[in-house]
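These notes concern the structure reproduced below.
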Amino acid sequence: AVQTPADTDARALETLSRVWGYAAFRDVQADIVRTVVEGQNALVLMPTGGGKSLCYQVPSLLRPGTGIVVSPLIALMKDQVDALRQFGVRAAFLNSSLDLQSVREVEAALLAGELDMLYVAPERLLLPRTLDLLERAPVALFAIDEAHCVSQWGHDFRPEYGQLGVLPRRFPDIPRVALTATADDRTRADILRVLELRGAAQFISSFDRPNIQYRVANKEGPKTQLLDFIHAEHRGDAGIVYCLSRKSVEGTAQWLATQGIDAVPYHAGLSPRERSHAQERFLNDEGVVVVATVAFGMGIDKPNVRFVAHLDLPKSMEGYYQETGRAGRDGLPSTAWMVYGLADVVNVKRMLSQSDAPEDVKRVEAAKLDALLTYCEAATCRRNLLLAYFGEERSEPCGNCDICLNPPRVRDATREAQMALSAAIRTGNRFGAAHLTDVLLGQPTEKVVGMGHHLLPTFGVGKGHDEKMWRGLIRQLVSLGHLSAGEHHGLSATGKSRALLKGETTLMLREDSLLPRERVKKRDR
Ligand code: ADP
Ligand code: ZN
């Protein structure tokens, strides 16, 4: 009998409720499932937690043959397969963790048509042996999970993913569905090209999380700022605090505990027992705050996380989005709160430039970091900047970020920027922010006098502003790429700064960091 789209929908819904016990598909899931069941290719762009898995699991059950899932997350494969088996789905996986005997059994089951789904690591899929096997087996579809891995521009490029073009070439008639939670325009273009998905149906969900309020503050005393924030807005709430190092995770968790906050540390250096204990307390008890490195969060599905705080800069916008996205899964008001300062900018930039990664990878990472820094220094709606990064253009400000709620005044800071740049240049492009500030303010410190910098024309030209304003300005110059940090935190003027020095471009900066401390405090209240 001919299957109409309505028939397909009915069968999909029946499978969803019979196997998973869910009453309905979410938003676009039903459209995606219909498309794939009918044998068409698809690209699915959906935020983490959006429900991507069902988009290929249900079609795998509805189409004849086995659904092949390509996934780089070998560590999660066994759990995913075990979970499916609990629902009665005949699932298996092939990766390097299996012994030869188990591989043979899985292969035999596949050929006999006894599997609904098979999860395969990309390097395993690419083996001639596996490709030959798949040619002889009944295959329902290929799902390429974490599809952004095909792109060098994506945050975790995998060379094997780059070779998945073998799928359209050798299996042109089997539908392909590529899924990812992170894809800007370039990544998306790479996915379409490598997997030959031009002309495929594209399902692009909004990345907006309207219930999350985005805020970024100048780092002044991070622990106290965090405590004030929790006391003022999230007393007794569950939250996640991200720090860069294990040491600061430990320190921050301890400090919060002494201040009466139910805080537990979590990082890769703890024993498995300690980690699972922290995780269980977070999931099961009320109002636990986990202080963690980025190791925490993968696969954690707690709906009522009320805040995510960053005490250190994340590595990229993708990282920031994923980490903050763990707040407010239940749709209730939540806060993404971050503090950052000059030292962070200098640190991450230096880590990047000193890494052993190939040049082209470094360049991509630097561009991603710059996007994040632009976000931090934003003078316009933060949500719109975040969404624009993921390819979603909005013109209306959101009304639920710090910029919208408390618009910073911007002003022309070109003259001050020129002063700071010339201080860097005249001192030989090798001193840090503290020294440059001393020179600008005309402080005859031992170091300033020792270097003869009190004789420079720049000495004291910045007396009209205070130290805080100069620190803030220098941070913004580094963030925006006019100054770059070298060895020993020495700052040097970059090529980009030349136009600014010549007055060919102007620099509009947020006034909040240009204001003296007292006035900032008053405005906060
Ligand atoms: P993603 O892969 O996009 O991060 P998942 O596929 O892991 O998301 O789904 C996230 C959570 O949402 C899972 O717990 C899943 O069971 C649940 N979920 C997905 N779709 C539905 C649905 N239609 N009804 C109820 N729960 C769903
Ligand atoms: Zn906004």
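Residue names in the structure tokens use chain letters A, B, ... in the order shown, residue numbers from 1 in each chain, and ligand numbers from 1 in the order shown.
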Wanna dump the chain A-ligand 2 contacts at 12 Å for me, each residue with its shortest atom pair and the distance in Å to one decimal, counting only C-alpha atoms and all ligand atoms, ordered by chain and number, as a tab-separated table?
residue	atom	partner	partner_atom_place_in_ligand_line	distance
A:Asp208	CA	ligand 2	1 (Zn)	11.4
A:Arg209	CA	ligand 2	1 (Zn)	11.8
A:Pro210	CA	ligand 2	1 (Zn)	9.9
A:Asn211	CA	ligand 2	1 (Zn)	11.7
A:Ile212	CA	ligand 2	1 (Zn)	10.6
A:Gln213	CA	ligand 2	1 (Zn)	8.4
A:Tyr214	CA	ligand 2	1 (Zn)	7.8
A:Arg215	CA	ligand 2	1 (Zn)	9.5
A:Val216	CA	ligand 2	1 (Zn)	11.9
A:Tyr375	CA	ligand 2	1 (Zn)	11.7
A:Ala378	CA	ligand 2	1 (Zn)	10.3
A:Ala379	CA	ligand 2	1 (Zn)	10.0
A:Thr380	CA	ligand 2	1 (Zn)	7.2
A:Cys381	CA	ligand 2	1 (Zn)	3.7
A:Arg382	CA	ligand 2	1 (Zn)	5.1
A:Arg383	CA	ligand 2	1 (Zn)	5.2
A:Asn384	CA	ligand 2	1 (Zn)	6.6
A:Leu385	CA	ligand 2	1 (Zn)	8.8
A:Leu386	CA	ligand 2	1 (Zn)	9.9
A:Leu387	CA	ligand 2	1 (Zn)	10.8
A:Arg394	CA	ligand 2	1 (Zn)	10.5
A:Ser395	CA	ligand 2	1 (Zn)	10.5
A:Glu396	CA	ligand 2	1 (Zn)	8.5
A:Pro397	CA	ligand 2	1 (Zn)	4.9
A:Cys398	CA	ligand 2	1 (Zn)	3.9
A:Gly399	CA	ligand 2	1 (Zn)	4.8
A:Asn400	CA	ligand 2	1 (Zn)	5.1
A:Cys401	CA	ligand 2	1 (Zn)	4.2
A:Asp402	CA	ligand 2	1 (Zn)	6.8
A:Ile403	CA	ligand 2	1 (Zn)	5.8
A:Cys404	CA	ligand 2	1 (Zn)	4.4
A:Leu405	CA	ligand 2	1 (Zn)	7.3
A:Asn406	CA	ligand 2	1 (Zn)	9.6
A:Pro407	CA	ligand 2	1 (Zn)	9.3
A:Pro408	CA	ligand 2	1 (Zn)	11.9
How about saving the chosen residues, C-alpha atoms kept, as a short mmCIF file (atom, residue, chain, number, x, y, z; two decimals), in the first residue's frame?
data_model
loop_
_atom_site.label_atom_id
_atom_site.label_comp_id
_atom_site.auth_asym_id
_atom_site.auth_seq_id
_atom_site.Cartn_x
_atom_site.Cartn_y
_atom_site.Cartn_z
CA ASP A 208 17.53 31.22 21.80
CA ARG A 209 17.00 30.38 25.45
CA PRO A 210 14.70 33.25 26.36
CA ASN A 211 14.50 32.35 30.05
CA ILE A 212 18.27 32.71 30.52
CA GLN A 213 19.44 36.18 31.48
CA TYR A 214 22.97 36.83 30.19
CA ARG A 215 25.29 39.02 32.25
CA VAL A 216 28.98 39.84 32.20
CA TYR A 375 30.70 39.40 23.30
CA ALA A 378 29.48 44.21 24.08
CA ALA A 379 27.70 47.53 24.13
CA THR A 380 24.60 46.12 22.44
CA CYS A 381 22.21 43.28 23.31
CA ARG A 382 24.23 40.24 24.34
CA ARG A 383 21.63 37.70 23.31
CA ASN A 384 21.58 39.11 19.80
CA LEU A 385 25.37 38.84 19.59
CA LEU A 386 25.25 35.26 20.80
CA LEU A 387 22.52 34.29 18.36
CA ARG A 394 17.73 39.57 15.24
CA SER A 395 17.16 43.27 15.24
CA GLU A 396 15.03 43.76 18.37
CA PRO A 397 17.00 43.88 21.62
CA CYS A 398 15.98 41.05 23.96
CA GLY A 399 15.15 42.93 27.13
CA ASN A 400 16.65 40.15 29.24
CA CYS A 401 20.40 40.72 29.33
CA ASP A 402 22.50 43.15 31.32
CA ILE A 403 22.96 45.45 28.35
CA CYS A 404 19.24 45.69 27.64
CA LEU A 405 18.34 46.05 31.30
CA ASN A 406 21.03 48.55 32.13
CA PRO A 407 22.30 50.09 28.89
CA PRO A 408 25.90 51.22 29.20
#
(message) Let me see if you get this right: every residue at most 9 Å from ligand 1, counting only C-alpha atoms and all ligand atoms, written as a list in words.
(response)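 The distance check yields Leu16, Trp20, Gly21, Tyr22, Ala23, Ala24, Phe25, Arg26, Asp27, Gln29, Ala30, Leu45, Met46, Pro47, Thr48, Gly49, Gly50, Gly51, Lys52, Ser53, Leu54, Cys55, Asp145, Leu179, Thr180, Ala181, Gly299 and Asp301 of chain A.
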(message) Quick one: residues within 12 Å of segment 269-276 of chain A, only C-alpha atoms, excluding same-chain residues fewer than 4 positions away - as a ChimeraX atom specification?
(response) /A:245-247,249-250,264-265,280-284,290-293,295-297,300
Dump as a short mmCIF file (atom, residue, chain, number, x, y, z; two decimals), in the first residue's frame, selection limited to N, CA and C atoms:
data_model
loop_
_atom_site.label_atom_id
_atom_site.label_comp_id
_atom_site.auth_asym_id
_atom_site.auth_seq_id
_atom_site.Cartn_x
_atom_site.Cartn_y
_atom_site.Cartn_z
N SER A 245 40.94 26.18 36.45
CA SER A 245 41.90 25.21 37.00
C SER A 245 41.31 24.42 38.16
N ARG A 246 41.90 23.24 38.39
CA ARG A 246 41.48 22.42 39.51
C ARG A 246 41.67 23.17 40.81
N LYS A 247 42.78 23.91 40.87
CA LYS A 247 43.12 24.61 42.09
C LYS A 247 42.05 25.65 42.43
N VAL A 249 39.01 25.61 41.39
CA VAL A 249 37.78 24.88 41.72
C VAL A 249 37.77 24.56 43.21
N GLU A 250 38.88 23.96 43.69
CA GLU A 250 38.97 23.60 45.11
C GLU A 250 38.82 24.82 46.00
N VAL A 264 30.05 21.90 46.31
CA VAL A 264 30.94 20.74 46.17
C VAL A 264 31.84 20.92 44.95
N PRO A 265 33.11 20.51 45.06
CA PRO A 265 34.01 20.64 43.91
C PRO A 265 33.86 19.45 42.96
N GLU A 280 25.87 13.02 42.17
CA GLU A 280 24.61 12.57 42.76
C GLU A 280 24.01 13.60 43.69
N ARG A 281 24.88 14.25 44.48
CA ARG A 281 24.36 15.28 45.38
C ARG A 281 23.72 16.40 44.56
N PHE A 282 24.37 16.79 43.47
CA PHE A 282 23.84 17.85 42.62
C PHE A 282 22.48 17.46 42.03
N LEU A 283 22.39 16.21 41.58
CA LEU A 283 21.16 15.77 40.91
C LEU A 283 20.02 15.56 41.91
N ASN A 284 20.34 15.03 43.09
CA ASN A 284 19.28 14.58 43.98
C ASN A 284 18.93 15.53 45.11
N VAL A 290 27.63 23.20 42.33
CA VAL A 290 28.83 22.47 41.93
C VAL A 290 29.84 23.47 41.39
N VAL A 291 31.05 23.44 41.97
CA VAL A 291 32.13 24.27 41.43
C VAL A 291 32.99 23.32 40.60
N ALA A 292 33.17 23.63 39.30
CA ALA A 292 33.71 22.60 38.42
C ALA A 292 34.58 23.16 37.31
N THR A 293 35.41 22.29 36.78
CA THR A 293 36.05 22.59 35.51
C THR A 293 35.09 22.17 34.41
N ALA A 295 35.05 19.77 32.75
CA ALA A 295 34.81 18.33 32.78
C ALA A 295 33.39 18.02 33.24
N PHE A 296 32.76 18.96 33.94
CA PHE A 296 31.43 18.71 34.47
C PHE A 296 30.33 19.19 33.53
N GLY A 297 29.34 18.34 33.32
CA GLY A 297 28.17 18.83 32.61
C GLY A 297 27.74 17.95 31.45
N ILE A 300 24.72 15.66 31.75
CA ILE A 300 23.95 15.92 32.96
C ILE A 300 22.65 16.59 32.59
#
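You can rank A:Thr66, A:Ser355, A:Ser248, A:Gln279 by their closest distance to His310 of chain A using only C-alpha atoms, and at the top of that list sits A:Ser248.
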(request) List every residue of segment 186-271 of chain A that DSSP, applied to the backbone of this structure, assigns to strand (DSSP E), and report them as a PyMOL selection string. (result) chain A and resi 201-204+212-218+239-242+263-266
(request) Grab the atom CA of Gly325 of chain A to atom CA of Tyr340 of chain A distance for me, in Å with one decimal place. (result)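 Distance reported for this atom pair: 19.0 Å.
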(request) Return the single residue from A:Val448, A:Val361, A:Ala92, A:Leu342 that is closest to Trp153 of chain A, with distances computed using only C-alpha atoms. (result) A:Val361
(message) Calculated over only C-alpha atoms, which of the candidates A:Lys78, A:His267, A:Arg411, A:Arg158 has the smallest distance to Leu98 of chain A?
(response) A:Lys78
(message) At a cut-off of 7 Å, using only C-alpha atoms, what residues contact His148 of chain A? Leave out same-chain residues fewer than 2 positions from it and give the result as a VMD selection string.
(response) chain A and resid 146 150 to 151 154 180 182 to 183 187 191
Take the residues from that selection and put them in a file with all heavy atoms, as a JSON list (two decimals), in the first residue's frame.
[["chain", "number", "residue", "atom", "x", "y", "z"],
["A", 146, "GLU", "N", 27.09, 14.77, 15.85],
["A", 146, "GLU", "CA", 28.20, 15.71, 16.05],
["A", 146, "GLU", "C", 28.82, 16.09, 14.71],
["A", 146, "GLU", "O", 30.05, 16.11, 14.56],
["A", 146, "GLU", "CB", 29.27, 15.13, 16.98],
["A", 146, "GLU", "CG", 28.76, 14.48, 18.26],
["A", 146, "GLU", "CD", 28.24, 15.49, 19.29],
["A", 146, "GLU", "OE1", 28.61, 16.67, 19.21],
["A", 146, "GLU", "OE2", 27.46, 15.08, 20.15],
["A", 150, "VAL", "N", 33.19, 17.56, 11.04],
["A", 150, "VAL", "CA", 33.74, 17.51, 9.68],
["A", 150, "VAL", "C", 34.50, 18.80, 9.36],
["A", 150, "VAL", "O", 35.27, 18.85, 8.40],
["A", 150, "VAL", "CB", 32.67, 17.32, 8.57],
["A", 150, "VAL", "CG1", 31.80, 16.12, 8.84],
["A", 150, "VAL", "CG2", 31.83, 18.58, 8.39],
["A", 151, "SER", "N", 34.27, 19.84, 10.16],
["A", 151, "SER", "CA", 34.79, 21.15, 9.78],
["A", 151, "SER", "C", 35.98, 21.57, 10.63],
["A", 151, "SER", "O", 35.97, 21.47, 11.84],
["A", 151, "SER", "CB", 33.67, 22.18, 9.95],
["A", 151, "SER", "OG", 34.16, 23.47, 9.76],
["A", 154, "GLY", "N", 34.88, 24.03, 12.91],
["A", 154, "GLY", "CA", 34.16, 23.55, 14.09],
["A", 154, "GLY", "C", 35.12, 23.40, 15.25],
["A", 154, "GLY", "O", 36.31, 23.26, 15.05],
["A", 180, "THR", "N", 23.87, 18.28, 14.59],
["A", 180, "THR", "CA", 24.84, 18.99, 15.41],
["A", 180, "THR", "C", 24.16, 20.05, 16.27],
["A", 180, "THR", "O", 23.07, 20.52, 15.93],
["A", 180, "THR", "CB", 25.94, 19.67, 14.57],
["A", 180, "THR", "OG1", 26.80, 20.42, 15.43],
["A", 180, "THR", "CG2", 25.35, 20.62, 13.55],
["A", 182, "THR", "N", 26.18, 22.66, 17.29],
["A", 182, "THR", "CA", 26.98, 23.87, 17.11],
["A", 182, "THR", "C", 27.42, 24.00, 15.67],
["A", 182, "THR", "O", 28.26, 23.24, 15.21],
["A", 182, "THR", "CB", 28.24, 23.87, 17.98],
["A", 182, "THR", "OG1", 28.99, 22.71, 17.66],
["A", 182, "THR", "CG2", 27.93, 23.89, 19.44],
["A", 183, "ALA", "N", 26.83, 24.95, 14.98],
["A", 183, "ALA", "CA", 27.26, 25.17, 13.61],
["A", 183, "ALA", "C", 26.98, 26.59, 13.18],
["A", 183, "ALA", "O", 25.83, 26.98, 13.03],
["A", 183, "ALA", "CB", 26.56, 24.19, 12.67],
["A", 187, "THR", "N", 30.68, 26.35, 9.38],
["A", 187, "THR", "CA", 30.60, 24.94, 9.74],
["A", 187, "THR", "C", 29.47, 24.27, 8.97],
["A", 187, "THR", "O", 29.62, 23.17, 8.45],
["A", 187, "THR", "CB", 30.36, 24.80, 11.26],
["A", 187, "THR", "OG1", 31.35, 25.56, 11.93],
["A", 187, "THR", "CG2", 30.44, 23.35, 11.67],
["A", 191, "ILE", "N", 29.61, 21.05, 6.45],
["A", 191, "ILE", "CA", 28.82, 19.82, 6.61],
["A", 191, "ILE", "C", 28.10, 19.49, 5.30],
["A", 191, "ILE", "O", 28.14, 18.36, 4.82],
["A", 191, "ILE", "CB", 27.79, 19.98, 7.75],
["A", 191, "ILE", "CG1", 28.50, 20.17, 9.09],
["A", 191, "ILE", "CG2", 26.86, 18.76, 7.82],
["A", 191, "ILE", "CD1", 27.57, 20.54, 10.24]]
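Of the residues listed (A:Glu160, A:Glu392, A:Asp370, A:Glu504), A:Asp370 shows the shortest atom-to-atom separation from Gln476 of chain A; distances use only C-alpha atoms.
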(message) Can you pull out the residues contacting Glu38 of chain A? Cut-off 9 Å, using only C-alpha atoms, and skip same-chain residues under 5 positions away; I want them as a list of chain:residue names.
(response) A:Pro5, A:Thr8, A:Val33, A:Pro59, A:Arg63, A:Pro175
Export of the given selection (C-alpha atoms) as a PDB file, in the first residue's frame:
ATOM      1  CA  PRO A   5       2.673  11.471   5.111  1.00  0.00           C
ATOM      2  CA  THR A   8       4.081   7.979   8.375  1.00  0.00           C
ATOM      3  CA  VAL A  33      11.307  12.012  11.400  1.00  0.00           C
ATOM      4  CA  PRO A  59      13.303   6.427  11.631  1.00  0.00           C
ATOM      5  CA  ARG A  63      12.633   1.938   7.913  1.00  0.00           C
ATOM      6  CA  PRO A 175      19.381   8.614   3.400  1.00  0.00           C
TER       7      PRO A 175
END
(request) Return the single residue from A:His453, A:Lys447, A:Asp99, A:Arg350 that is closest to Gly490 of chain A, with distances computed using only C-alpha atoms. (result) A:Arg350
So which bits of segment 282-320 of chain A end up alpha helix (DSSP H) when you DSSP the backbone, as a CSV table (one decimal) with N, CA, C and O atoms, in the first residue's frame?
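Everything below was put into states14.csv:
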chain,number,residue,atom,x,y,z
A,282,PHE,N,24.4,16.8,43.5
A,282,PHE,CA,23.8,17.9,42.6
A,282,PHE,C,22.5,17.5,42.0
A,282,PHE,O,21.5,18.3,42.0
A,283,LEU,N,22.4,16.2,41.6
A,283,LEU,CA,21.2,15.8,40.9
A,283,LEU,C,20.0,15.6,41.9
A,283,LEU,O,18.9,15.9,41.6
A,284,ASN,N,20.3,15.0,43.1
A,284,ASN,CA,19.3,14.6,44.0
A,284,ASN,C,18.9,15.5,45.1
A,284,ASN,O,17.8,15.5,45.6
A,317,MET,N,32.8,30.8,22.0
A,317,MET,CA,31.4,31.0,22.1
A,317,MET,C,30.6,29.7,22.2
A,317,MET,O,29.6,29.6,22.9
A,318,GLU,N,31.1,28.7,21.5
A,318,GLU,CA,30.4,27.4,21.6
A,318,GLU,C,30.4,26.9,23.0
A,318,GLU,O,29.4,26.4,23.5
A,319,GLY,N,31.6,26.9,23.6
A,319,GLY,CA,31.8,26.5,25.0
A,319,GLY,C,30.9,27.2,25.9
A,319,GLY,O,30.1,26.7,26.7
A,320,TYR,N,30.9,28.6,25.7
A,320,TYR,CA,30.0,29.4,26.6
A,320,TYR,C,28.6,29.1,26.4
A,320,TYR,O,27.8,28.9,27.4
(request) Considering only C-alpha atoms, state which residue in the set A:Ala121, A:Leu131, A:Leu473, A:Ala178 is at the smallest distance from Leu195 of chain A. (result) A:Ala178
(message) Just the number, please: distance in Å from atom CA of Tyr119 of chain A to atom CA of Ile68 of chain A, one decimal.
(response) 6.0 Å
(request) Just the residues within 10 Å of Asp312 of chain A, please, counting only C-alpha atoms, with nothing from its chain fewer than 6 positions along; format it as a list of chain:residue names. (result) A:Lys219, A:Pro222, A:Val241, A:Tyr242, A:Cys243, A:Leu244, A:Ser245, A:Ser248, A:Thr293, A:Met338, A:Val339, A:Tyr340, A:Gly341, A:Ala343, A:Asp344, A:Val345, A:Val348
Take the residues that were just selected and, keeping all heavy atoms, output them as a compact mmCIF listing (two decimals), in the first residue's frame.
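Result saved to again_14.txt:
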# COMPACT_ATOMS: atom_id res chain seq x y z
N LYS A 219 35.76 41.76 36.39
CA LYS A 219 36.26 40.97 37.52
C LYS A 219 37.00 41.88 38.51
O LYS A 219 38.02 42.47 38.17
CB LYS A 219 37.20 39.88 37.00
CG LYS A 219 37.52 38.82 38.03
CD LYS A 219 38.57 37.85 37.52
CE LYS A 219 37.97 36.63 36.86
NZ LYS A 219 39.02 35.60 36.59
N PRO A 222 36.59 38.12 42.37
CA PRO A 222 35.63 37.16 41.84
C PRO A 222 34.84 36.39 42.90
O PRO A 222 33.63 36.24 42.79
CB PRO A 222 36.48 36.22 40.99
CG PRO A 222 37.90 36.54 41.31
CD PRO A 222 37.93 37.93 41.85
N VAL A 241 29.26 26.54 38.96
CA VAL A 241 30.27 27.58 38.86
C VAL A 241 31.46 27.00 38.11
O VAL A 241 32.04 26.00 38.54
CB VAL A 241 30.73 28.05 40.26
CG1 VAL A 241 31.84 29.08 40.14
CG2 VAL A 241 29.55 28.60 41.05
N TYR A 242 31.79 27.58 36.96
CA TYR A 242 32.92 27.08 36.18
C TYR A 242 34.19 27.86 36.45
O TYR A 242 34.19 29.10 36.46
CB TYR A 242 32.61 27.12 34.68
CG TYR A 242 31.69 26.02 34.24
CD1 TYR A 242 30.38 26.28 33.85
CD2 TYR A 242 32.12 24.69 34.22
CE1 TYR A 242 29.52 25.26 33.45
CE2 TYR A 242 31.28 23.66 33.83
CZ TYR A 242 29.98 23.96 33.45
OH TYR A 242 29.15 22.94 33.06
N CYS A 243 35.28 27.13 36.72
CA CYS A 243 36.61 27.72 36.87
C CYS A 243 37.55 27.00 35.91
O CYS A 243 37.30 25.86 35.52
CB CYS A 243 37.14 27.54 38.28
SG CYS A 243 36.09 28.20 39.58
N LEU A 244 38.67 27.67 35.61
CA LEU A 244 39.60 27.10 34.64
C LEU A 244 40.44 25.97 35.23
O LEU A 244 40.63 24.94 34.61
CB LEU A 244 40.52 28.23 34.14
CG LEU A 244 41.19 28.03 32.79
CD1 LEU A 244 40.14 27.78 31.71
CD2 LEU A 244 41.99 29.29 32.45
N SER A 245 40.94 26.18 36.45
CA SER A 245 41.90 25.21 37.00
C SER A 245 41.31 24.42 38.16
O SER A 245 40.37 24.86 38.82
CB SER A 245 43.15 25.93 37.48
OG SER A 245 42.85 26.67 38.64
N SER A 248 41.62 26.40 41.42
CA SER A 248 40.62 27.42 41.73
C SER A 248 39.26 26.80 41.98
O SER A 248 38.43 27.34 42.71
CB SER A 248 40.58 28.51 40.65
OG SER A 248 40.25 27.98 39.41
N THR A 293 35.41 22.29 36.78
CA THR A 293 36.05 22.59 35.51
C THR A 293 35.09 22.17 34.41
O THR A 293 34.05 21.58 34.69
CB THR A 293 37.36 21.79 35.35
OG1 THR A 293 37.04 20.41 35.49
CG2 THR A 293 38.39 22.19 36.39
N MET A 338 28.85 35.97 34.41
CA MET A 338 30.29 35.79 34.20
C MET A 338 31.05 37.03 34.66
O MET A 338 30.58 38.15 34.49
CB MET A 338 30.58 35.53 32.72
CG MET A 338 32.05 35.56 32.33
SD MET A 338 32.40 34.63 30.83
CE MET A 338 31.83 35.76 29.59
N VAL A 339 32.23 36.82 35.24
CA VAL A 339 33.13 37.95 35.49
C VAL A 339 34.39 37.72 34.68
O VAL A 339 34.83 36.58 34.52
CB VAL A 339 33.51 38.12 36.98
CG1 VAL A 339 32.35 38.67 37.76
CG2 VAL A 339 34.00 36.80 37.57
N TYR A 340 34.94 38.76 34.14
CA TYR A 340 36.20 38.60 33.43
C TYR A 340 37.03 39.87 33.51
O TYR A 340 36.51 40.96 33.70
CB TYR A 340 35.96 38.14 31.99
CG TYR A 340 36.03 39.20 30.94
CD1 TYR A 340 37.02 39.15 29.97
CD2 TYR A 340 35.12 40.23 30.90
CE1 TYR A 340 37.09 40.12 28.99
CE2 TYR A 340 35.17 41.19 29.92
CZ TYR A 340 36.17 41.14 28.98
OH TYR A 340 36.24 42.09 28.02
N GLY A 341 38.33 39.70 33.42
CA GLY A 341 39.22 40.84 33.56
C GLY A 341 40.43 40.72 32.64
O GLY A 341 40.58 39.73 31.92
N ALA A 343 43.57 40.07 33.12
CA ALA A 343 44.46 38.92 33.27
C ALA A 343 43.93 37.71 32.51
O ALA A 343 44.70 36.94 31.93
CB ALA A 343 44.64 38.59 34.75
N ASP A 344 42.60 37.53 32.51
CA ASP A 344 42.01 36.40 31.78
C ASP A 344 42.30 36.49 30.30
O ASP A 344 42.66 35.51 29.65
CB ASP A 344 40.49 36.39 31.95
CG ASP A 344 40.09 36.14 33.39
OD1 ASP A 344 40.69 35.25 34.00
OD2 ASP A 344 39.21 36.86 33.88
N VAL A 345 42.10 37.70 29.78
CA VAL A 345 42.29 37.89 28.35
C VAL A 345 43.74 37.58 27.99
O VAL A 345 44.03 36.83 27.04
CB VAL A 345 41.96 39.34 27.95
CG1 VAL A 345 42.10 39.52 26.45
CG2 VAL A 345 40.56 39.71 28.40
N VAL A 348 44.45 33.62 28.33
CA VAL A 348 43.95 32.73 27.28
C VAL A 348 44.65 33.02 25.96
O VAL A 348 44.97 32.10 25.20
CB VAL A 348 42.42 32.79 27.09
CG1 VAL A 348 41.73 32.10 28.23
CG2 VAL A 348 41.92 34.19 26.90
(message) List as JSON, numbers by chain the protein and nucleic acid residues near segment 125-127 of chain A, meaning an atom at most 12 Å away when only C-alpha atoms are counted, but skip any in the same chain fewer than 2 places from it.
(response) {"A": [68, 69, 70, 71, 72, 93, 94, 95, 96, 118, 119, 120, 121, 122, 123, 129, 130, 131, 132, 133, 134, 135, 142, 144, 159, 160, 161, 162, 163, 164, 165, 166, 167, 170]}
